[in-house]
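*Asks:* Please find one structure pasted underneath; my questions will follow.
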Amino acid sequence: MHPLLARQLRRYFKDAPPTGPGFAEFVTAVGDAYRAADEDRALLEHSLALASREVEERYHALKRDVAERERAQSERDAFFRASPDMLTIIDEHLRVVLANPGWTRVLGYEAPALVGLSFLDTVHPDDVAGVLEQTQALACEVGPRATVRDLEFRQRTSRGEWRTISACATFDAERHRFFAVGRDVTTQRAMARELEQTNRLEAVGQLASGMAHEINTPIQYIGDNVQFAAEGFDGVLSYLSAVEGVLSADQRAALAPAAEAADLEYIRDEMARSLGEAREGVKRVAELVKALKEFAHPDHAEKEHADINKALERAIVMARGELRHVAQVDTEFGQLPPLCCHIGSLSQVFLNLLVNSAHAIEERTQKHGVPMSEHRVRVATCVEGEEIVIRVSDTGCGIPAAIRDRIYEPFFTTKPMGKGSGQGMPLVRNVIIGKHGGRIELESEENVGTTFTLRLPFESPSQVRKVA
Ligand SMILES: Nc1ncnc2c1ncn2[C@@H]1O[C@H](COP(=O)(O)OP(=O)(O)OP(=O)(O)O)[C@@H](O)[C@H]1O
Ligand SMILES: [Mg+2]
């Protein structure tokens, strides 16, 4: 009998269960039903146990999956936060959805403040059309594989300056989002341009040096021949005077038509002056060619001893074309020891300062009508302590205080296109401070003038003693 049924019968009938065939059959049938129920329950319990084990396994797998995703997410977040580049998610209307702290580092914006703003708000007006065109093309290009596009444009910093940004972007068509990475390449681009310019200047310098060399010889014999002609002409004049002294009046009258035909009187007066001018002209060309030859001579990798006053003189000769029409140049050269330096680079520095002075005077004259005759460019040198000091002063337009910090920035210029490219002062700084460990001082007053003072240290005290 089923034990549960036996217990129930005992509890119900105590010690006197009913007898008789009907009751025994009833008990058997109920006992069978109990056993069948037991079997069903056991089956159910087994199934339940199996199912709960399976659920538990799935739960653990899910937990592992979630932990893995969280780990991956936090790793991605770390990259997002630490990236030196600007990482941005942008919606299809080009509004910022998410920006990383790289934005603060590169352009100075607080990343959360950018969310919701148009990405184009920070792009240079001249570059907006290009960015729009590229992003639209990118959104249309989407196929099974995401396309990446490289873009370059200028973006404004929070301080209002422009930086060149190189970006790559991709578009997620399902979520209608652009994912972009932007990097500040302003310095690289400036350096590349500078290198290109330097290479060009070097090539031009070599060409100029070669041409100066070629011109040197013919100019010398033109000079010698003009000199010979002038001296010869003086001799011929003296001879003519002597002949005229011994001629009778009739003989002189007989020769008068020939003298008139040859314009003898005029030639006598003018030829000496003409030959003098020719000699002066040839001398100037020779000076210029010599200066050009030495000026264009490329710097050696090693420094060499050079005479700074001579280099300044040559630079003045070279700048004569710019200076002649605008100002008188005064020089006051002190006694200088030879300086161990890169003289080619220093010559370019001097030339740039002189040309800047000429331009500044020209600008002041044009704006305020101060006559050219009142303008001066003064070049002075001296030794102060352990330094050679070079001062270049002008009576030009002056440098407004607001831009004094900016004149050394590559490509910063206030001059119209074609007149200035903003490469002079960066070169001055690079050569004086970078190549020679010197200093540059600037004094300037608007509509009064500007003085640049260059201080070049002697390389070592022993050298000072040696050369003094
Ligand atoms: N002596 C000066 N007087 C007034 N302004 C000056 C003087 N020297 C430099 N500047 C200012 O500094 C700017 C930068 O000078 P920099 O020599 O670098 O470039 P640039 O003369 O404009 O062009 P580049 O020298 O490349 O032909 C000039 O555009 C000008 O505004
Ligand atoms: Mg210049």
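Ligands are numbered from 1 in the order shown, chains are lettered A, B, ... in the order of the structure tokens, and residues start at 1 in each chain.
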Would you write out, as a Markdown table, a table of all residues in chain A that have an atom no more than 8 Å from an atom of ligand 1, listing for each the closest atom pair and the distance in Å to one decimal, considering only C-alpha atoms and all ligand atoms and ordering rows by chain and rising residue number?
*Replies:*
```
| residue | atom | partner | partner_atom_place_in_ligand_line | distance |
| --- | --- | --- | --- | --- |
| A:Asn352 | CA | ligand 1 | 25 (O) | 6.0 |
| A:Leu353 | CA | ligand 1 | 8 (N) | 6.5 |
| A:Leu354 | CA | ligand 1 | 1 (N) | 7.7 |
| A:Val355 | CA | ligand 1 | 21 (O) | 7.4 |
| A:Asn356 | CA | ligand 1 | 8 (N) | 4.7 |
| A:Ser357 | CA | ligand 1 | 1 (N) | 4.2 |
| A:Ala358 | CA | ligand 1 | 1 (N) | 7.7 |
| A:His359 | CA | ligand 1 | 3 (N) | 7.3 |
| A:Ala360 | CA | ligand 1 | 3 (N) | 4.6 |
| A:Ile361 | CA | ligand 1 | 3 (N) | 7.6 |
| A:Ser393 | CA | ligand 1 | 1 (N) | 7.4 |
| A:Asp394 | CA | ligand 1 | 1 (N) | 6.5 |
| A:Gly396 | CA | ligand 1 | 3 (N) | 5.8 |
| A:Cys397 | CA | ligand 1 | 4 (C) | 5.5 |
| A:Gly398 | CA | ligand 1 | 4 (C) | 4.4 |
| A:Ile399 | CA | ligand 1 | 5 (N) | 4.6 |
| A:Ile403 | CA | ligand 1 | 31 (O) | 7.8 |
| A:Arg404 | CA | ligand 1 | 12 (O) | 7.6 |
| A:Arg406 | CA | ligand 1 | 12 (O) | 7.7 |
| A:Ile407 | CA | ligand 1 | 12 (O) | 4.5 |
| A:Tyr408 | CA | ligand 1 | 18 (O) | 6.1 |
| A:Glu409 | CA | ligand 1 | 18 (O) | 7.4 |
| A:Pro410 | CA | ligand 1 | 18 (O) | 7.0 |
| A:Phe411 | CA | ligand 1 | 18 (O) | 6.8 |
| A:Phe412 | CA | ligand 1 | 14 (C) | 5.6 |
| A:Thr413 | CA | ligand 1 | 29 (O) | 3.4 |
| A:Thr414 | CA | ligand 1 | 29 (O) | 4.0 |
| A:Lys415 | CA | ligand 1 | 29 (O) | 5.1 |
| A:Lys419 | CA | ligand 1 | 27 (O) | 6.2 |
| A:Gly420 | CA | ligand 1 | 23 (O) | 3.3 |
| A:Ser421 | CA | ligand 1 | 26 (O) | 3.7 |
| A:Gly422 | CA | ligand 1 | 19 (O) | 3.2 |
| A:Gln423 | CA | ligand 1 | 26 (O) | 3.6 |
| A:Gly424 | CA | ligand 1 | 17 (O) | 3.5 |
| A:Met425 | CA | ligand 1 | 18 (O) | 3.6 |
| A:Pro426 | CA | ligand 1 | 18 (O) | 5.8 |
| A:Leu427 | CA | ligand 1 | 18 (O) | 7.6 |
| A:Ser444 | CA | ligand 1 | 3 (N) | 7.8 |
| A:Gly449 | CA | ligand 1 | 3 (N) | 6.8 |
| A:Thr450 | CA | ligand 1 | 1 (N) | 5.3 |
| A:Thr451 | CA | ligand 1 | 1 (N) | 7.0 |
| A:Phe452 | CA | ligand 1 | 1 (N) | 7.5 |
```
*Asks:* Generate the output file for the selected residues, N, CA and C atoms, as a CSV table (one decimal), in the first residue's frame.
*Replies:*
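Done, and the output landed in out_20.csv:
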```
chain,number,residue,atom,x,y,z
A,352,ASN,N,66.2,91.0,-44.0
A,352,ASN,CA,64.7,91.1,-43.7
A,352,ASN,C,64.4,92.3,-42.8
A,353,LEU,N,65.3,92.6,-41.8
A,353,LEU,CA,65.0,93.7,-40.9
A,353,LEU,C,65.0,95.0,-41.7
A,354,LEU,N,66.0,95.1,-42.6
A,354,LEU,CA,66.1,96.4,-43.5
A,354,LEU,C,64.9,96.5,-44.4
A,355,VAL,N,64.5,95.4,-45.0
A,355,VAL,CA,63.3,95.5,-45.9
A,355,VAL,C,62.0,95.8,-45.1
A,356,ASN,N,61.9,95.2,-43.9
A,356,ASN,CA,60.7,95.5,-43.1
A,356,ASN,C,60.7,97.0,-42.8
A,357,SER,N,61.9,97.6,-42.5
A,357,SER,CA,62.0,99.0,-42.2
A,357,SER,C,61.5,99.8,-43.4
A,358,ALA,N,62.0,99.4,-44.6
A,358,ALA,CA,61.7,100.2,-45.8
A,358,ALA,C,60.2,100.1,-46.0
A,359,HIS,N,59.6,98.9,-45.8
A,359,HIS,CA,58.1,98.8,-45.9
A,359,HIS,C,57.4,99.7,-44.9
A,360,ALA,N,57.9,99.7,-43.7
A,360,ALA,CA,57.2,100.4,-42.6
A,360,ALA,C,57.2,101.9,-42.9
A,361,ILE,N,58.3,102.4,-43.4
A,361,ILE,CA,58.5,103.8,-43.7
A,361,ILE,C,57.5,104.2,-44.9
A,393,SER,N,67.0,100.6,-36.6
A,393,SER,CA,65.9,101.4,-36.2
A,393,SER,C,65.3,102.1,-37.5
A,394,ASP,N,64.1,102.3,-37.4
A,394,ASP,CA,63.4,103.0,-38.5
A,394,ASP,C,62.4,104.1,-38.0
A,396,GLY,N,59.4,104.3,-39.3
A,396,GLY,CA,58.2,103.8,-40.0
A,396,GLY,C,57.0,103.9,-39.2
A,397,CYS,N,56.0,103.1,-39.6
A,397,CYS,CA,54.6,103.1,-39.0
A,397,CYS,C,54.6,102.6,-37.6
A,398,GLY,N,55.6,101.8,-37.2
A,398,GLY,CA,55.5,101.2,-35.9
A,398,GLY,C,54.7,99.9,-35.9
A,399,ILE,N,54.8,99.1,-34.8
A,399,ILE,CA,54.1,97.9,-34.7
A,399,ILE,C,53.0,98.1,-33.6
A,403,ILE,N,49.7,93.5,-31.9
A,403,ILE,CA,50.2,92.4,-32.8
A,403,ILE,C,51.7,92.1,-32.5
A,404,ARG,N,52.2,92.8,-31.4
A,404,ARG,CA,53.7,92.6,-31.2
A,404,ARG,C,54.0,91.2,-30.9
A,406,ARG,N,52.6,88.7,-32.1
A,406,ARG,CA,52.3,87.8,-33.2
A,406,ARG,C,53.3,87.9,-34.4
A,407,ILE,N,54.2,88.9,-34.4
A,407,ILE,CA,55.0,89.1,-35.6
A,407,ILE,C,55.9,87.9,-35.8
A,408,TYR,N,56.2,87.1,-34.8
A,408,TYR,CA,57.1,85.9,-35.0
A,408,TYR,C,56.4,84.7,-35.4
A,409,GLU,N,55.0,84.8,-35.5
A,409,GLU,CA,54.2,83.6,-35.9
A,409,GLU,C,54.5,83.4,-37.4
A,410,PRO,N,54.7,82.1,-37.8
A,410,PRO,CA,54.9,81.9,-39.2
A,410,PRO,C,53.7,82.3,-40.0
A,411,PHE,N,54.0,83.0,-41.1
A,411,PHE,CA,53.0,83.5,-42.1
A,411,PHE,C,52.1,84.6,-41.5
A,412,PHE,N,52.5,85.2,-40.4
A,412,PHE,CA,51.7,86.3,-39.9
A,412,PHE,C,52.2,87.6,-40.7
A,413,THR,N,51.3,88.2,-41.4
A,413,THR,CA,51.7,89.4,-42.1
A,413,THR,C,50.6,90.5,-42.1
A,414,THR,N,50.9,91.7,-42.1
A,414,THR,CA,49.9,92.8,-42.2
A,414,THR,C,50.0,93.4,-43.6
A,415,LYS,N,50.9,92.8,-44.5
A,415,LYS,CA,51.1,93.4,-45.8
A,415,LYS,C,50.2,92.7,-46.8
A,419,LYS,N,53.3,91.2,-51.3
A,419,LYS,CA,54.3,92.1,-50.7
A,419,LYS,C,55.0,91.4,-49.5
A,420,GLY,N,54.2,90.7,-48.7
A,420,GLY,CA,54.8,90.0,-47.6
A,420,GLY,C,54.2,88.7,-47.4
A,421,SER,N,55.0,87.7,-46.9
A,421,SER,CA,54.4,86.4,-46.7
A,421,SER,C,54.5,86.0,-45.3
A,422,GLY,N,55.0,86.9,-44.4
A,422,GLY,CA,55.1,86.6,-43.0
A,422,GLY,C,56.1,85.5,-42.6
A,423,GLN,N,57.2,85.5,-43.4
A,423,GLN,CA,58.2,84.5,-43.1
A,423,GLN,C,59.5,85.1,-42.5
A,424,GLY,N,59.6,86.4,-42.6
A,424,GLY,CA,60.8,87.1,-42.2
A,424,GLY,C,61.1,87.0,-40.7
A,425,MET,N,60.2,87.4,-39.9
A,425,MET,CA,60.4,87.5,-38.5
A,425,MET,C,60.6,86.1,-37.9
A,426,PRO,N,59.8,85.1,-38.3
A,426,PRO,CA,60.1,83.7,-37.8
A,426,PRO,C,61.5,83.3,-38.1
A,427,LEU,N,62.0,83.7,-39.3
A,427,LEU,CA,63.4,83.4,-39.7
A,427,LEU,C,64.3,84.1,-38.7
A,444,SER,N,58.8,99.8,-30.0
A,444,SER,CA,58.1,100.3,-31.2
A,444,SER,C,57.0,101.3,-30.7
A,449,GLY,N,58.2,104.9,-34.9
A,449,GLY,CA,59.2,104.0,-35.5
A,449,GLY,C,59.4,102.8,-34.6
A,450,THR,N,60.4,102.0,-35.1
A,450,THR,CA,60.7,100.7,-34.5
A,450,THR,C,62.2,100.5,-34.4
A,451,THR,N,62.6,99.9,-33.3
A,451,THR,CA,64.0,99.5,-33.2
A,451,THR,C,64.0,98.0,-32.8
A,452,PHE,N,64.7,97.2,-33.6
A,452,PHE,CA,65.0,95.8,-33.2
A,452,PHE,C,66.4,95.8,-32.8
```
*Asks:* As a ChimeraX atom specification, list the residues of stretch 41-197 of chain A assigned to strand (DSSP E) by DSSP on the backbone atoms of this structure.
*Replies:* /A:86-91,96-99,148-156,162-172,177-184
*Asks:* Residues at most 8 Å from A:Val317, counting only C-alpha atoms, excluding those fewer than 2 positions away in the same chain, as a VMD selection string?
*Replies:* chain A and resid 287 to 288 291 313 to 315 319 to 320
*Asks:* Quote the spacing between atom CA of A:Thr381 and atom CA of A:Ser345 in Å to one decimal place.
*Replies:*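 Separation of atom CA of A:Thr381 and atom CA of A:Ser345: 17.7 Å.
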*Asks:* Would you mind reading off the distance between atom CA of A:Val181 and atom CA of A:Glu196, one decimal, in Å?
*Replies:*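 Between atom CA of A:Val181 and atom CA of A:Glu196 the gap works out to 27.7 Å.
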*Asks:* So, counting only C-alpha atoms, which residue among A:Glu92, A:Gln366, A:Pro21, A:Thr395 is closest to A:Glu445?
*Replies:* A:Thr395
*Asks:* Give me the residues within 9 Å of stretch 34-40 of chain A as number ranges by chain, counting only C-alpha atoms and dropping any in the same chain fewer than 5 places off.
*Replies:* A: 2, 4-5, 29, 45
*Asks:* Just checking: using only C-alpha atoms and all ligand atoms, which residue out of A:Asn447, A:Val383, A:Gln348, A:Gly102 ends up closest to ligand 2?
*Replies:*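 Looking at the shortest contact to ligand 2, the residue is A:Gln348.
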*Asks:* Compare A:Asp126, A:Glu374, A:Glu302, A:Asp263 by their minimum atom-to-atom distance to A:Gln328, counting only C-alpha atoms, and give me the closest one.
*Replies:*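 Smallest distance to A:Gln328 is found for A:Glu374.
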*Asks:* Name the residues in contact with A:Arg159 at a cut-off of 12 Å, using only C-alpha atoms, excluding same-chain residues fewer than 5 positions from it; report them as a list in words.
*Replies:*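 The neighbour list is Thr104, Val106, Leu107, Gly108, Tyr109 and Thr122 of chain A.
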*Asks:* Those same residues - C-alpha atoms - I'd like them written as a tab-separated table (two decimals), in the first residue's frame.
*Replies:*
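File written: out.tsv
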```tsv
chain	number	residue	atom	x	y	z
A	104	THR	CA	39.54	70.98	-24.77
A	106	VAL	CA	43.21	71.02	-29.09
A	107	LEU	CA	40.77	73.90	-29.44
A	108	GLY	CA	40.01	74.88	-25.84
A	109	TYR	CA	36.29	74.03	-25.84
A	122	THR	CA	33.59	76.26	-35.50
```
*Asks:* Which of stretch 99-347 of chain A counts as alpha helix (DSSP H) under DSSP, as a PyMOL selection string please?
*Replies:* chain A and resi 102-107+111-114+125-141+186-246+249-261+264-296+308-318+320-323+343-347
